Structure formats: C-alpha cells, structure tokens
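target.cif follows; it contains mmCIF, C-alpha atoms.
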data_structure
#
loop_
_atom_site.label_atom_id
_atom_site.label_comp_id
_atom_site.auth_asym_id
_atom_site.auth_seq_id
_atom_site.Cartn_x
_atom_site.Cartn_y
_atom_site.Cartn_z
CA MET P 12 93.95 113.17 93.03
CA LYS P 13 95.93 111.22 95.60
CA GLU P 14 97.96 108.38 94.13
CA THR P 15 97.14 104.89 95.35
CA VAL P 16 100.15 103.19 96.86
CA ASN P 17 100.94 99.73 95.54
CA PHE P 18 102.47 97.70 98.37
CA ALA P 19 103.08 94.64 96.17
CA TRP P 20 106.50 93.06 96.28
CA PRO P 21 108.11 92.19 92.91
CA VAL P 22 107.49 88.47 93.38
CA THR P 23 108.50 86.20 90.51
CA SER P 24 109.54 83.26 92.68
CA SER P 25 108.62 81.43 95.85
CA ASN P 26 109.82 78.95 98.39
CA ARG P 27 109.13 75.56 96.91
CA GLU P 28 107.42 74.48 100.13
CA ASP P 29 105.07 77.49 100.03
CA TYR P 30 103.99 76.85 96.47
CA ASP P 31 103.41 73.13 97.02
CA ALA P 32 101.40 73.79 100.19
CA PHE P 33 99.28 76.46 98.48
CA CYS P 34 98.41 74.18 95.56
CA ARG P 35 97.37 71.43 97.98
CA TRP P 36 95.17 73.89 99.91
CA MET P 37 93.38 75.08 96.77
CA GLU P 38 92.65 71.55 95.68
CA GLU P 39 91.28 70.64 99.13
CA HIS P 40 89.13 73.80 99.40
CA GLN P 41 87.70 74.18 95.92
CA GLY P 42 84.16 74.28 97.34
CA VAL P 43 85.07 77.27 99.54
CA LEU P 44 86.58 79.11 96.57
CA ASP P 45 83.51 78.47 94.39
CA LYS P 46 81.18 80.20 96.88
CA ASN P 47 83.26 82.94 98.52
CA ARG P 48 85.47 85.96 98.09
CA ILE P 49 88.88 85.50 99.75
CA ALA P 50 90.41 88.10 102.07
CA ILE P 51 94.15 87.52 102.29
CA TRP P 52 95.25 88.56 105.78
CA GLY P 53 98.69 90.14 105.47
CA ALA P 54 99.69 92.58 102.72
CA GLY P 55 103.36 91.63 102.69
CA ILE P 56 105.65 89.33 100.74
CA ARG P 57 103.80 86.09 101.40
CA GLY P 58 100.44 87.76 100.83
CA THR P 59 101.69 89.03 97.47
CA GLU P 60 102.84 85.50 96.65
CA PHE P 61 99.41 84.10 97.51
CA SER P 62 97.67 86.57 95.21
CA LEU P 63 99.96 85.56 92.34
CA PHE P 64 99.38 81.87 93.07
CA PHE P 65 95.61 82.50 92.95
CA GLN P 66 95.93 84.32 89.63
CA LYS P 67 98.15 81.57 88.22
CA ARG P 68 95.28 79.18 88.96
CA ASN P 69 92.64 81.55 87.51
CA PHE P 70 91.09 82.84 90.76
CA GLN P 71 90.64 86.63 91.00
CA ASN P 72 87.94 87.16 93.67
CA LEU P 73 90.33 88.65 96.24
CA PHE P 74 91.08 91.55 98.52
CA PHE P 75 93.60 92.12 101.34
CA VAL P 76 93.39 92.99 105.02
CA ASP P 77 96.27 94.23 107.15
CA SER P 78 96.77 95.51 110.70
CA ASN P 79 99.13 98.24 109.50
CA ALA P 80 97.03 101.41 109.15
CA GLN P 81 99.53 102.88 106.68
CA LYS P 82 98.49 100.26 104.12
CA TRP P 83 94.72 100.82 104.33
CA GLY P 84 93.34 102.11 101.04
CA GLY P 85 96.41 100.92 99.19
CA LYS P 86 96.63 97.92 96.94
CA ILE P 87 98.56 94.76 96.20
CA ASN P 88 98.60 95.24 92.44
CA GLU P 89 94.88 95.42 91.56
CA PHE P 90 93.60 94.11 94.92
CA LEU P 91 92.46 96.56 97.62
CA ILE P 92 93.83 96.54 101.20
CA VAL P 93 91.26 97.17 103.96
CA SER P 94 91.35 97.43 107.74
CA PRO P 95 90.33 94.60 110.11
CA GLU P 96 87.25 96.69 110.98
CA GLU P 97 86.15 96.87 107.36
CA LEU P 98 86.81 93.16 107.01
CA ALA P 99 84.45 92.53 109.95
CA GLN P 100 81.72 94.50 108.16
CA ARG P 101 82.23 92.51 104.98
CA MET P 102 82.17 89.24 106.91
CA THR P 103 78.70 90.07 108.29
CA GLN P 104 77.43 90.45 104.73
CA GLY P 105 78.45 86.86 103.99
CA ASN P 106 80.38 85.01 101.29
CA VAL P 107 83.81 86.15 102.53
CA ARG P 108 86.46 83.85 103.94
CA ILE P 109 89.88 84.75 105.36
CA LEU P 110 93.16 83.18 104.28
CA VAL P 111 96.02 84.01 106.66
CA SER P 112 99.27 84.53 104.75
CA ALA P 113 101.70 84.56 107.69
CA GLU P 114 103.85 81.44 108.05
CA ASP P 115 103.70 81.77 111.85
CA SER P 116 99.98 82.42 112.18
CA ARG P 117 99.47 81.75 115.90
CA GLU P 118 98.96 85.37 117.00
CA ILE P 119 96.65 86.14 114.09
CA GLU P 120 94.64 82.97 114.74
CA LYS P 121 94.29 83.98 118.40
CA GLN P 122 93.07 87.43 117.38
CA LEU P 123 90.56 86.03 114.90
CA LYS P 124 89.19 83.53 117.43
CA GLN P 125 88.74 86.32 119.98
CA GLN P 126 86.61 88.10 117.37
CA GLY P 127 84.39 85.02 117.10
CA TYR P 128 85.79 83.57 113.90
CA GLN P 129 86.18 79.81 113.63
CA LYS P 130 89.12 78.10 111.95
CA GLU P 131 88.26 76.00 108.89
CA ARG P 132 84.90 77.78 108.69
CA ASP P 133 85.64 81.51 108.67
CA PHE P 134 89.40 81.52 108.25
CA TYR P 135 92.11 79.23 106.95
CA THR P 136 95.87 78.91 107.19
CA ILE P 137 98.42 77.34 104.88
CA GLN P 138 101.32 75.76 106.67
CA SER P 139 104.26 74.91 104.46
CA GLY P 140 106.19 73.54 107.43
CA LEU P 141 109.23 75.76 106.85
CA TYR P 142 109.81 76.24 110.57
CA ASP P 143 109.39 72.53 111.35
CA LYS P 144 111.80 71.61 108.57
CA TYR P 145 114.34 74.14 109.82
CA ILE P 146 114.20 72.67 113.33
CA GLN P 147 114.54 69.15 111.95
CA GLU P 148 117.57 70.18 109.91
CA PHE P 149 119.08 71.91 112.94
CA GLN P 150 118.67 68.77 115.06
CA ARG P 151 119.86 66.32 112.39
CA HIS P 152 123.34 64.97 113.08
CA TYR P 153 125.90 64.71 110.32
CA GLY P 154 127.05 61.35 109.04
CA LEU P 155 130.64 60.18 109.07
CA GLY P 156 133.13 62.33 107.18
CA LYS P 157 133.58 66.03 106.65
CA ARG P 158 130.79 68.40 107.66
CA ILE P 159 129.64 71.43 105.67
CA LEU P 160 127.13 73.93 107.06
CA PHE P 161 125.42 76.41 104.75
CA GLN P 162 123.67 79.40 106.32
CA GLY P 163 121.77 82.13 104.54
CA ASP P 164 118.38 83.36 103.43
CA CYS P 165 115.69 82.31 100.99
CA GLU P 166 118.01 81.92 97.99
CA PHE P 167 118.57 78.35 99.23
CA SER P 168 114.86 77.50 99.18
CA LYS P 169 113.41 79.59 96.35
CA ILE P 170 112.39 78.50 92.90
CA SER P 171 111.12 80.38 89.89
CA ILE P 172 107.41 79.77 89.53
CA ARG P 173 108.02 79.07 85.82
CA ASP P 174 110.56 76.30 86.49
CA LYS P 175 110.06 72.72 85.39
CA ASN P 176 112.75 71.33 87.69
CA MET P 177 111.44 72.36 91.12
CA GLU P 178 114.54 71.36 93.10
CA ASN P 179 115.75 74.31 95.11
CA LEU P 180 119.40 75.18 95.72
CA ALA P 181 119.52 73.38 99.07
CA GLU P 182 118.32 70.14 97.47
CA MET P 183 120.83 70.46 94.66
CA LEU P 184 123.67 70.95 97.15
CA ARG P 185 122.66 67.91 99.19
CA LYS P 186 122.66 65.77 96.04
CA LYS P 187 126.27 66.79 95.39
CA SER P 188 127.62 65.03 98.47
CA GLY P 189 124.67 63.32 100.07
CA THR P 190 122.40 64.63 102.79
CA ALA P 191 124.59 63.23 105.56
CA GLN P 192 127.52 65.55 104.89
CA ILE P 193 125.75 68.84 104.10
CA LYS P 194 123.42 70.81 106.33
CA VAL P 195 121.51 73.87 105.10
CA LEU P 196 120.05 76.25 107.68
CA ALA P 197 118.43 79.03 105.70
CA MET P 198 115.34 81.18 106.17
CA HIS P 199 113.90 84.11 104.22
CA GLY P 200 114.98 87.50 105.53
CA MET P 201 116.94 86.04 108.43
CA GLY P 202 119.73 88.36 109.51
CA LEU P 203 123.27 87.65 110.63
CA ARG P 204 122.48 88.10 114.31
CA SER P 205 120.10 85.15 114.10
CA HIS P 206 122.64 83.14 112.10
CA TYR P 207 125.22 83.82 114.81
CA HIS P 208 123.02 82.34 117.55
CA VAL P 209 122.03 79.38 115.38
CA CYS P 210 125.66 78.62 114.49
CA LYS P 211 126.75 78.95 118.10
CA ALA P 212 123.95 76.60 119.17
CA GLN P 213 124.99 74.05 116.55
CA ILE P 214 128.49 74.01 118.01
CA SER P 215 127.30 73.78 121.62
CA GLU P 216 125.03 70.85 120.68
CA GLY P 217 128.02 68.90 119.34
CA MET P 218 127.44 69.53 115.63
CA ARG P 219 130.46 71.68 114.82
CA PRO P 220 131.00 71.92 111.05
CA ASP P 221 134.38 71.61 109.38
CA VAL P 222 133.40 74.28 106.86
CA LEU P 223 130.90 77.10 107.21
CA MET P 224 129.50 78.54 103.98
CA LEU P 225 127.95 81.84 105.04
CA MET P 226 125.75 83.82 102.66
CA VAL P 227 125.89 87.58 103.17
CA ASN P 228 123.17 89.30 101.18
CA LEU P 229 123.29 93.08 100.91
CA ASP P 230 119.56 93.48 101.43
CA THR P 231 119.89 92.01 104.95
CA LEU P 232 122.49 94.64 105.87
CA THR P 233 120.47 97.80 105.31
CA GLY P 234 120.09 100.08 108.31
CA LYS P 235 116.52 98.94 109.06
CA GLN P 236 116.36 95.36 107.80
CA HIS P 237 117.17 93.86 111.20
CA LEU P 238 114.20 95.75 112.72
CA LEU P 239 111.52 94.54 110.33
CA PRO P 240 108.85 92.21 111.77
CA ARG P 241 109.17 89.88 108.77
CA SER P 242 112.89 89.41 109.47
CA GLN P 243 112.59 88.24 113.07
CA HIS P 244 111.20 84.67 112.93
CA ALA P 245 110.64 84.93 116.66
CA GLY P 246 108.51 81.78 116.84
CA LEU P 247 111.13 79.73 115.00
CA LEU P 248 113.98 80.93 117.19
CA ARG P 249 111.96 80.36 120.37
CA GLU P 250 111.16 76.80 119.33
CA LEU P 251 114.77 76.17 118.37
CA TYR P 252 116.01 77.52 121.68
CA GLN P 253 113.62 75.30 123.61
CA SER P 254 114.94 72.27 121.73
CA ILE P 255 118.61 72.71 122.67
CA ASP P 256 120.32 71.37 125.80
CA HIS P 257 122.98 74.07 126.18
CA LYS P 258 121.11 77.30 126.77
CA ASN P 259 122.75 80.69 127.24
CA ALA P 260 121.69 84.15 128.42
CA GLU P 261 122.79 85.90 125.22
CA PHE P 262 120.46 83.83 123.03
CA GLU P 263 117.63 84.17 125.54
CA GLU P 264 117.99 87.94 125.54
CA TYR P 265 117.88 87.96 121.75
CA LEU P 266 114.59 86.02 121.79
CA LEU P 267 112.97 88.86 123.73
CA ILE P 268 114.33 91.36 121.22
CA THR P 269 112.91 89.43 118.23
CA GLU P 270 109.51 89.18 119.92
CA GLU P 271 109.45 92.93 120.53
CA ARG P 272 110.51 93.70 116.96
CA SER P 273 107.90 91.32 115.57
CA SER P 274 105.12 93.52 116.93
CA ASN P 275 106.62 96.80 115.66
CA HIS P 276 104.68 97.34 112.45
CA GLN P 277 105.97 100.92 112.17
CA ALA P 278 109.37 99.47 111.24
CA GLU P 279 107.99 98.30 107.89
CA PHE P 280 109.47 100.74 105.42
CA PHE P 281 109.59 99.01 102.06
CA THR P 282 106.79 100.52 99.99
CA ARG P 283 106.44 101.27 96.33
CA LYS P 284 104.36 103.82 94.49
CA SER P 285 103.51 102.66 91.03
CA SER P 286 101.12 103.87 88.37
CA GLY P 287 101.07 104.63 84.69
CA THR P 288 103.50 103.50 82.06
CA GLY P 289 106.94 102.23 82.88
CA ARG P 290 106.01 101.34 86.46
CA GLU P 291 107.98 98.08 86.37
CA ASP P 292 111.16 100.04 85.64
CA VAL P 293 110.33 102.35 88.55
CA LYS P 294 109.91 99.38 90.85
CA ALA P 295 113.14 97.82 89.65
CA ARG P 296 115.08 101.04 90.15
CA ASN P 297 113.67 101.44 93.66
CA TYR P 298 114.53 97.84 94.46
CA PHE P 299 118.14 98.20 93.40
CA ARG P 300 118.53 101.54 95.15
CA LEU P 301 117.07 100.32 98.44
CA ASN P 302 118.83 96.96 98.55
CA TYR P 303 122.18 97.59 96.86
CA MET P 304 122.98 101.28 96.39
CA TYR P 305 122.84 102.48 99.98
CA ASP P 306 126.12 103.28 101.74
CA LEU P 307 126.84 100.18 103.82
CA ASP P 308 127.55 101.15 107.42
CA ILE P 309 130.08 98.77 108.99
CA HIS P 310 128.62 99.56 112.42
CA THR P 311 125.12 98.23 111.72
CA GLU P 312 123.85 95.17 113.56
CA GLY P 313 124.35 92.93 110.54
CA MET P 314 128.01 93.84 110.09
CA ILE P 315 128.71 93.59 113.82
CA TYR P 316 127.33 90.06 113.86
CA LEU P 317 129.17 89.13 110.71
CA GLU P 318 132.32 89.84 112.68
CA LYS P 319 131.03 87.84 115.65
CA ILE P 320 130.35 84.84 113.40
CA LEU P 321 133.81 85.05 111.87
CA GLU P 322 135.42 85.40 115.28
CA LEU P 323 133.46 82.39 116.54
CA ALA P 324 134.56 80.37 113.49
CA LYS P 325 138.17 81.37 114.04
CA ASP P 326 138.04 80.36 117.71
CA GLU P 327 136.49 77.02 116.77
CA THR P 328 138.93 76.49 113.86
CA ILE P 329 136.04 76.30 111.40
CA LYS P 330 137.11 77.10 107.86
CA THR P 331 134.70 79.72 106.58
CA VAL P 332 133.72 81.01 103.18
CA VAL P 333 131.78 84.27 103.19
CA PHE P 334 129.93 84.47 99.89
CA VAL P 335 127.78 87.08 98.20
CA PRO P 336 124.98 85.70 95.99
CA PRO P 337 124.37 86.79 92.38
CA VAL P 338 122.77 90.09 91.49
CA ASN P 339 121.01 90.88 88.21
CA TYR P 340 123.71 93.47 87.55
CA LEU P 341 123.10 93.88 83.83
CA LEU P 342 119.52 94.96 84.47
CA ALA P 343 120.67 97.24 87.30
CA ARG P 344 123.33 98.83 85.15
CA LYS P 345 120.83 99.34 82.32
CA LEU P 346 118.42 101.12 84.68
CA LEU P 347 120.90 103.04 86.84
CA GLY P 348 124.12 103.23 84.84
CA GLU P 349 127.62 102.96 86.25
CA ARG P 350 126.47 104.56 89.51
CA PHE P 351 125.04 101.18 90.44
CA MET P 352 128.29 99.34 89.81
CA GLU P 353 130.38 101.89 91.71
CA GLN P 354 128.21 101.80 94.84
CA TYR P 355 127.62 98.06 94.67
CA VAL P 356 131.32 97.21 94.38
CA ASN P 357 132.09 99.66 97.19
CA ASN P 358 129.67 97.84 99.48
CA ILE P 359 130.93 94.40 98.47
CA ASN P 360 134.50 95.45 99.22
CA LYS P 361 133.48 96.39 102.76
CA ILE P 362 132.21 92.85 103.31
CA ARG P 363 135.34 91.43 101.69
CA SER P 364 137.59 93.43 104.03
CA VAL P 365 135.81 92.05 107.10
CA ALA P 366 136.16 88.45 105.92
CA GLU P 367 139.82 88.86 105.06
CA ARG P 368 140.57 90.58 108.37
CA TYR P 369 139.67 87.30 110.09
CA ASN P 370 141.63 85.28 107.50
CA HIS P 371 138.52 83.75 106.00
CA ARG P 372 137.87 83.32 102.30
CA PHE P 373 135.59 85.70 100.45
CA LEU P 374 133.70 84.37 97.42
CA ASP P 375 132.03 86.97 95.22
CA LEU P 376 129.31 85.36 93.12
CA SER P 377 127.76 88.73 92.22
CA PHE P 378 128.40 88.50 88.50
CA CYS P 379 128.36 84.75 87.86
CA LEU P 380 124.88 84.48 86.31
CA GLU P 381 123.66 85.73 82.95
CA PRO P 382 120.23 87.44 82.82
CA GLU P 383 118.55 84.33 81.43
CA MET P 384 119.59 82.42 84.57
CA PHE P 385 117.33 84.52 86.83
CA ALA P 386 113.66 83.85 87.51
CA MET P 387 112.71 86.86 85.40
CA PRO P 388 115.55 88.46 83.41
CA LYS P 389 113.85 91.87 83.18
CA THR P 390 112.58 91.98 86.77
CA ALA P 391 114.58 92.93 89.85
CA ASP P 392 114.42 89.51 91.47
CA GLU P 393 117.69 87.80 92.29
CA THR P 394 116.27 84.29 92.50
CA ALA P 395 117.97 81.94 90.05
CA ASN P 396 115.97 79.68 87.79
CA GLU P 397 116.80 75.98 87.47
CA GLN P 398 119.75 76.64 85.14
CA GLY P 399 121.14 79.29 87.46
CA ARG P 400 120.71 77.12 90.55
CA GLU P 401 122.62 74.28 88.94
CA LYS P 402 125.54 76.62 88.31
CA LEU P 403 125.41 78.04 91.84
CA ALA P 404 125.29 74.59 93.39
CA HIS P 405 128.43 73.63 91.45
CA LEU P 406 130.32 76.78 92.43
CA LEU P 407 129.38 76.56 96.12
CA TYR P 408 130.08 72.87 96.41
CA GLN P 409 133.46 73.34 94.71
CA ALA P 410 134.36 76.20 97.06
CA ALA P 411 133.41 74.18 100.15
CA TRP P 412 135.51 71.17 99.17
CA GLU P 413 138.46 73.37 98.28
CA GLU P 414 138.47 74.42 101.94
CA LEU P 415 138.62 70.76 102.97
#

Whole structure given in structure tokens:
Amino acid sequence: MKETVNFAWPVTSSNREDYDAFCRWMEEHQGVLDKNRIAIWGAGIRGTEFSLFFQKRNFQNLFFVDSNAQKWGGKINEFLIVSPEELAQRMTQGNVRILVSAEDSREIEKQLKQQGYQKERDFYTIQSGLYDKYIQEFQRHYGLGKRILFQGDCEFSKISIRDKNMENLAEMLRKKSGTAQIKVLAMHGMGLRSHYHVCKAQISEGMRPDVLMLMVNLDTLTGKQHLLPRSQHAGLLRELYQSIDHKNAEFEEYLLITEERSSNHQAEFFTRKSSGTGREDVKARNYFRLNYMYDLDIHTEGMIYLEKILELAKDETIKTVVFVPPVNYLLARKLLGERFMEQYVNNINKIRSVAERYNHRFLDLSFCLEPEMFAMPKTADETANEQGREKLAHLLYQAAWEEL
C-alpha cells in the first residue's frame, strides 16, 4: 500500500500578526464556520498554521487544496489535500467555503474570480498586514542619535502559540532603545539577496544605519532555498521598489527574477513522509538534516550576497554584526549524535570566515538558549518562547551598542 505523504510543516509558532488576524477573522465569520466546511487554499507553511489555529479553537471541518499536483492525495496531518478541480466539484455540492492562506493573495483571488467565485461569499482571505508593516518600517526615518538596522527572517516576528507575553523579538528590541533608534526589516524566508537590495535602498533613500545587525540563518543558505516560491516575496519587493526615489537596474532585474521564481512550484522540495510510531522524531531528524547538516557551498546565491552586503557595509563605513540565531542543538545532538555538531560547526565556521574577511564582527548565538527557552523543547522549531526572546533581545541589543 502506497504511503500517504504528510506535507505538514512542524509548526509550533507563528508570526504574532498572523495569529491575531486569524483570531479576528474567526470571530467575525462564526456564522460561516457554523454552516460550512473550510477548504484551506495552500498546503504550505501558512496553511499548516491555519489548520493548527482552527484546531486550537476547536474547529476540525477542514481539507486543503493546492495547485501543486505533487501534493494531491497527500495530507496536512489528518487533513486531505485535493486539486482545484476536485475543489470545484465539492463547491457545486454546497456547504464549502475557501480560505486562502497566502499572505499575498492577489493572484489566487484573480484565479478564483475567473472561475466565478465571489470574495466574502465563496472565498475569504486573512490579511495580517505583514507587507504593509514592512513597507512602513522601511519608509520610517530614524530619530536623532545612533541608528541600528536589524535584518533577518521570521525569528524577529514569531511567537510561540503557547506564550502569555505575545511581544515578538522586534518589539522587545525596540523597547530597549525606543522605536526611533532601532529599525527591524525582517520577513519569513527572505534570503540575503533580498536583504542586500533592501539595505542598499535604505542607504540610497538617506537612511544609512550606523550599525547593521544581520541575521544569517543556515536554512536560508541551502542550495535551493533561494529558488522556492515562498521565499521570494515578489509583491512586497515590487511595492517597496515603487516607493523609493532612487531606483536602479540591478534591483529592477531582481524583481523580474523573484516574479519568475514565485510561479515555479516545481522548486518546492521540502516534504516529509510520516506514519506510524516515532514519526515526530523522523520529522525532527529530517528537519535538522535538511536545514543544518548539508555541506554549505560558499558559491551559492546566499553566500555570494552575504559578501555583497558586507562589502556594501564596508564601503559605507557601516559597522556590521553578522549573527547566527539559536538552534535547538541538544535535541539535534540527541537525535543525530555528534555528526550534527561536527557538520553544524563546520557550516557556521564558513559564515564566520566570510564575516571576518571583511573585518566585521561575527556573533554566534547558536548555543545560547536552553531547551526550555524554545517554543517546543522536543520539536525541531527554533523559535524562542517569551523567556528565550527576552534573552536574545538583551544579547543583540548589547552587541549593537558595543559596536557604537
């Protein structure tokens, strides 16, 4: 018997904005939920998050739909993934409504409308405003005094769903010195090529930081990460580019590349097979192997643009701290032994050597958190809980001011 593939991501945390927006949507659409089955459009990270949010609020009447044919017949945990054609058949039978999981839902909305579906009757979207908030933060000018720019991925915005204090790392950092002095430009899955263009645009728009705190996460440096549709944020970058006064051909060319990559569903490679006992350990091992135990190639796009960022910072006399966020290394070592530590440290040292070659500081936060400071100590999720975020905010803020 063929094994059913579980495409669920090991989600134990979320962007605070996503969770707040989802809770508001459920409260406003309780009547829809009472009468209908919900088809979550998009069997990816955010779709997985939505299914967990539904379950947290005791709603189970779900299934998934995805345009990627490789996912049809698979599942997100216990929920089936079907094709758009099968969804259409189910819609004709009644009592099914679509919830689009993509943050940038414009293309999916266009497709659904062309098929005769009506927004707020047949399908719904949940907009957390992450893109709008990123643009606002990009455009916001610093106050008087020293300027610190943080760039990185979702570790700045994520919270553990079990937290009581829902302040994310970005909010904690701003409280340390006041919003006027600290700017955080972070987005889930965003690679270093995007960060390069954003940083360069900040400088050209007259918002040059005194210190750049650059997060380099190993899972954004894998050989295929920069090709994944979910990593592109093409709509965000296009909107950002349109908002700036000093445009350049290099950024414009990159926008075309992100738009092309966004439509390449074949690039999605992160899948998990899971069944039977011990499946969580299997998922955790696969997660650590895929994201941390590969042999980091210094010639990949991510590493090339790390060097370009550091060269730009050197030319602009911007003091830079390249930092690696925490990893749940005790869990990884328990599951994979010393092989994990050997390969992980080897990869980290490659990043360190690049930073030091440009005379920038390297800050290794890999081992600074204990297991109880992660969202789920026994799950391969590197998001810190409220206790862990407090510690990280202190260490990052201290490192930034040491540079000043």

>> Using Å and a single decimal, report how far CA of Leu73 in chain P sits from CA of Lys389 in chain P.
In response: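 Computing it gives 27.1 Å between the two atoms.
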
>> Would you pick out the contacts of Ile320 in chain P at 10 Å or less, using all atoms listed in the file, so that residues sharing its chain but fewer than 5 positions from it are not included, and give the list as JSON, numbers by chain?
In response: {"P": [203, 204, 206, 207, 208, 210, 211, 223, 225, 314, 315, 325, 326, 331]}

> For the point (105.4, 74.2, 96.7) in file coordinates, what residues are within 12 Å, counting all atoms listed in the file? Give the answer as a ChimeraX atom specification?
Replying inline: /P:24-36,60-61,64,137-141,168-172,174,176-179

>> Nearest residue to Gly200 in chain P out of P:Thr231, P:Asn47, P:Gln409, P:Ser215, using all atoms listed in the file?
In response: P:Thr231

> How would you write, as number ranges by chain, the residues chosen by the PyMOL selection byres ((chain P and resi 251-266) around 9) on this structure?
Replying inline: P: 145-146, 149-150, 204-205, 208-209, 212-213, 215-216, 245-250, 267-271

Determine the residue membership of the PyMOL selection byres ((chain P and resi 89-106) around 12) for the file above and supply it as an mmCIF file with C-alpha atoms, in the coordinates of the input.
data_model
loop_
_atom_site.group_PDB
_atom_site.id
_atom_site.type_symbol
_atom_site.label_atom_id
_atom_site.label_comp_id
_atom_site.auth_asym_id
_atom_site.auth_seq_id
_atom_site.Cartn_x
_atom_site.Cartn_y
_atom_site.Cartn_z
ATOM 1 C CA THR P 15 97.140 104.890 95.350
ATOM 2 C CA VAL P 16 100.150 103.190 96.860
ATOM 3 C CA ASN P 17 100.940 99.730 95.540
ATOM 4 C CA PHE P 18 102.470 97.700 98.370
ATOM 5 C CA ALA P 19 103.080 94.640 96.170
ATOM 6 C CA VAL P 43 85.070 77.270 99.540
ATOM 7 C CA LEU P 44 86.580 79.110 96.570
ATOM 8 C CA ASP P 45 83.510 78.470 94.390
ATOM 9 C CA LYS P 46 81.180 80.200 96.880
ATOM 10 C CA ASN P 47 83.260 82.940 98.520
ATOM 11 C CA ARG P 48 85.470 85.960 98.090
ATOM 12 C CA ILE P 49 88.880 85.500 99.750
ATOM 13 C CA ALA P 50 90.410 88.100 102.070
ATOM 14 C CA ILE P 51 94.150 87.520 102.290
ATOM 15 C CA TRP P 52 95.250 88.560 105.780
ATOM 16 C CA GLY P 53 98.690 90.140 105.470
ATOM 17 C CA ALA P 54 99.690 92.580 102.720
ATOM 18 C CA GLY P 55 103.360 91.630 102.690
ATOM 19 C CA GLY P 58 100.440 87.760 100.830
ATOM 20 C CA THR P 59 101.690 89.030 97.470
ATOM 21 C CA PHE P 61 99.410 84.100 97.510
ATOM 22 C CA SER P 62 97.670 86.570 95.210
ATOM 23 C CA LEU P 63 99.960 85.560 92.340
ATOM 24 C CA PHE P 65 95.610 82.500 92.950
ATOM 25 C CA GLN P 66 95.930 84.320 89.630
ATOM 26 C CA GLN P 71 90.640 86.630 91.000
ATOM 27 C CA ASN P 72 87.940 87.160 93.670
ATOM 28 C CA LEU P 73 90.330 88.650 96.240
ATOM 29 C CA PHE P 74 91.080 91.550 98.520
ATOM 30 C CA PHE P 75 93.600 92.120 101.340
ATOM 31 C CA VAL P 76 93.390 92.990 105.020
ATOM 32 C CA ASP P 77 96.270 94.230 107.150
ATOM 33 C CA SER P 78 96.770 95.510 110.700
ATOM 34 C CA ASN P 79 99.130 98.240 109.500
ATOM 35 C CA ALA P 80 97.030 101.410 109.150
ATOM 36 C CA GLN P 81 99.530 102.880 106.680
ATOM 37 C CA LYS P 82 98.490 100.260 104.120
ATOM 38 C CA TRP P 83 94.720 100.820 104.330
ATOM 39 C CA GLY P 84 93.340 102.110 101.040
ATOM 40 C CA GLY P 85 96.410 100.920 99.190
ATOM 41 C CA LYS P 86 96.630 97.920 96.940
ATOM 42 C CA ILE P 87 98.560 94.760 96.200
ATOM 43 C CA ASN P 88 98.600 95.240 92.440
ATOM 44 C CA VAL P 107 83.810 86.150 102.530
ATOM 45 C CA ARG P 108 86.460 83.850 103.940
ATOM 46 C CA ILE P 109 89.880 84.750 105.360
ATOM 47 C CA ILE P 119 96.650 86.140 114.090
ATOM 48 C CA GLN P 122 93.070 87.430 117.380
ATOM 49 C CA LEU P 123 90.560 86.030 114.900
ATOM 50 C CA GLN P 126 86.610 88.100 117.370
ATOM 51 C CA GLY P 127 84.390 85.020 117.100
ATOM 52 C CA TYR P 128 85.790 83.570 113.900
ATOM 53 C CA ARG P 132 84.900 77.780 108.690
ATOM 54 C CA ASP P 133 85.640 81.510 108.670
ATOM 55 C CA PHE P 134 89.400 81.520 108.250
ATOM 56 C CA SER P 285 103.510 102.660 91.030
ATOM 57 C CA SER P 286 101.120 103.870 88.370
#

>> Could you check which residues have any atom within 9 Å of (125.7, 81.4, 97.6), counting all atoms listed in the file with coordinates taken straight from the file, and then list them as a PyMOL selection string?
In response: chain P and resi 161+163+166-167+224-227+333-337+374-376+403-404+406-407

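Straight-line separation from CA of Leu232 in chain P to CA of Gly348 in chain P: 22.8 Å.
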
> Hey, which of P:Lys345, P:Arg272, P:Arg173, P:Arg372 ends up closest to Ala411 in chain P? Count all atoms listed in the file.
Replying inline: P:Arg372

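For the pair CA of Pro220 in chain P and CA of Lys157 in chain P, the interatomic distance is 7.8 Å.
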
> Between P:Gly234, P:Lys175, P:Phe378, P:Ala113, which has the minimum distance to Asn396 in chain P (counting only C-alpha atoms)?
Replying inline: P:Lys175

> Closest to Tyr298 in chain P among P:Leu321, P:Ala391, P:Ile359, P:Ile159, using all atoms listed in the file?
Replying inline: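 Of all the options, P:Ala391 lies closest to Tyr298 in chain P.
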
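Closest approach to Arg158 in chain P among P:His40, P:Arg300, P:Arg185, P:His371: P:Arg185, based on only C-alpha atoms.
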